[in-house]
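Step one of this worksheet: look at the structure below.
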Amino acid sequence: MALSTRFVSRLWPTLAALHRAAPGQHRRLSTPPAPRHTLDLRGIFPPLTTPFSSMQEVDYARLEGNLRHYASIPFRGLVVLGSNGEYPYLAPHEQLEVVSCVRRALPRDRLLLAGSGCECECLHGQCWGHMSPVGITHSSASSPATQATIKLTVSMAEAGADVALVVTPCYYRGAMTSTALVQHYTEVADASPLPVVLYSVPANTGLELPLEAVLDLAQHLNIIGIKDSGGDITRMGLMVHKTKQEDFQVLAGSAGFLLASYALGASGGICALANVLGAPLCQLDHLCREGRWQEARDLQHRLIEPNMAVTRRFGIPGLKKAMEWFGYYGGPCRAPLTPLSASQVEELRSTFSANGWL
């Protein structure tokens, strides 16, 4: 009888510890230490926004309301605590409660990806470095950020996440060589009870996960894919091409280049615009899989400007404002993010109207 993914996930840290090797060596064993996680990431995932009240408290009731609306859209799953979830501004207990809240509302056939990259051990008076999950040990060579990421990942698993989405450590980005990043991700993946998806978002971190590091890490049995938000289609095509022998899935990090990514073999997309136009993005996914490229191209054209508006131009405040026009709760962002001006709101609305969405 096949082992369940969750059961294998529980065993992974022990199996990895028994077979751990230096970075670049663990996957060259003639007998694999454990089966590779094979979660299917094909489809669209919205990186959920975190609703806040007027007092800037996390509004879990509003979050549940948005989840009820999303239930009717054929998403493959949901992402919490990504960049659009304002995760750097959430305290550890809020992060875990958001994961638990979404897990309770999410059908079991939909995946829950949770951001678990951690730049330092202490956040808002709570230290991930002082939270020691049972059974997890760390090399003395591990940095505090690596240890904190491991501990946060374990906590996300306990809260109900299916996959850990791990952003690149970037505060000391000048020191984040390919070797350093491979070591960081290898230690996290070795210890993680969840399969790991790499997360490269240079617009926010100022650091792109080097292609050679991605190709190296793609061979790790507990690393199943990457969300690449950089927008370099040549790079994405190379990732798909050069990881053909591994069960490694490349996810487009933006609706703006989703069609191009699919044409090159990407598995799916984690797209901010899916918070607003989830059904059209799922339709684009469907058209690509059906090979209906002309229809897919026409739809993609109508998504490019709205996507730019809720990402590069107006960011999370713009995304939350647009959500309100489509029946979702957007609400305020946490300071220091500020709301849009009246002229910016009008410009944002005009962008959606000009492309036939309002």
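Residues in the structure tokens are named by chain (A, B, ... in the order shown) and by number from 1 within that chain; ligands are numbered from 1 in the order shown.
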
Any idea what's packed within 12 Å of Met156 of chain A, counting only C-alpha atoms, ignoring anything in its chain fewer than 3 positions away? Could you give it as a PyMOL selection string?
chain A and resi 80-81+92-103+112-117+128+133+149-153+159-166+192-196

Go through segment 89-267 of chain A and collect every residue that DSSP, computed from the backbone, puts in strand (DSSP E or B); the answer should be as a list in words.
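These are the residues in question: Leu111, Leu112, Leu113, Ala114, Gly115, Cys122, Leu123, Gln126, Cys127, Val163, Ala164, Leu165, Val166, Val167, Val196, Val197, Leu198, Tyr199, Ser200, Ile223, Ile224, Gly225, Ile226, Lys227, Asp228, Gln249, Val250, Leu251 and Ala252 of chain A.
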
What's the 9 Å shell around Leu277 of chain A, counting only C-alpha atoms, without same-chain residues fewer than 5 positions away, as a PyMOL selection string?
chain A and resi 282+303+323+326+357

For Val182 of chain A, work out the shell of residues within 7 Å, counting only C-alpha atoms and skipping chain neighbours fewer than 3 positions away, then give it as a list of chain:residue names.
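The filter keeps A:Pro23, A:Ser178, A:Thr179, A:Tyr185, A:Thr186, A:Ala213, A:Leu217.
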
For Phe45 of chain A, which residue out of A:Gly237, A:Gly65, A:Gly174, A:Gly268 is the nearest one, using only C-alpha atoms?
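Once distances to Phe45 of chain A are computed over only C-alpha atoms, the minimum belongs to A:Gly268.
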
Just checking: using only C-alpha atoms, which residue out of A:Gly318, A:Pro107, A:Gly269, A:Pro51 ends up closest to Gly331 of chain A?
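That would be A:Pro51, the residue with the smallest distance to Gly331 of chain A.
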
With distances taken over only C-alpha atoms, which of A:Pro339, A:Gly253, A:Gly265, A:Gly231 is nearest to Asn84 of chain A?
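Of all the options, A:Gly253 lies closest to Asn84 of chain A.
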
Within 8 Å of Val345 of chain A using only C-alpha atoms, minus same-chain residues under 4 positions, as a list in words
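The residues satisfying every condition are Gly318, Lys321, Leu340, Ser341 and Arg349 of chain A.
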
Residues of the last selection are to be written out with N, CA and C atoms, as a PDB file, in the first residue's frame.
ATOM      1  N   GLY A 318      -2.513  48.542  -4.126  1.00  0.00           N
ATOM      2  CA  GLY A 318      -3.305  48.483  -5.347  1.00  0.00           C
ATOM      3  C   GLY A 318      -4.034  47.162  -5.494  1.00  0.00           C
ATOM      4  N   LYS A 321      -7.011  47.180  -3.142  1.00  0.00           N
ATOM      5  CA  LYS A 321      -8.073  48.059  -3.648  1.00  0.00           C
ATOM      6  C   LYS A 321      -8.841  47.371  -4.776  1.00  0.00           C
ATOM      7  N   LEU A 340      -3.505  54.008  -1.515  1.00  0.00           N
ATOM      8  CA  LEU A 340      -3.371  54.770  -2.751  1.00  0.00           C
ATOM      9  C   LEU A 340      -4.031  56.133  -2.611  1.00  0.00           C
ATOM     10  N   SER A 341      -3.529  57.088  -3.353  1.00  0.00           N
ATOM     11  CA  SER A 341      -4.183  58.390  -3.449  1.00  0.00           C
ATOM     12  C   SER A 341      -5.414  58.260  -4.342  1.00  0.00           C
ATOM     13  N   ARG A 349      -8.363  51.826 -11.543  1.00  0.00           N
ATOM     14  CA  ARG A 349      -9.671  51.425 -12.045  1.00  0.00           C
ATOM     15  C   ARG A 349      -9.731  51.528 -13.573  1.00  0.00           C
TER      16      ARG A 349
END

Given only C-alpha atoms as the counted atoms, nearest of A:Ala296, A:Leu106, A:Leu67, A:Leu264 to Gln283 of chain A:
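Checking each of A:Ala296, A:Leu106, A:Leu67, A:Leu264 against Gln283 of chain A, counting only C-alpha atoms, the winner is A:Ala296.
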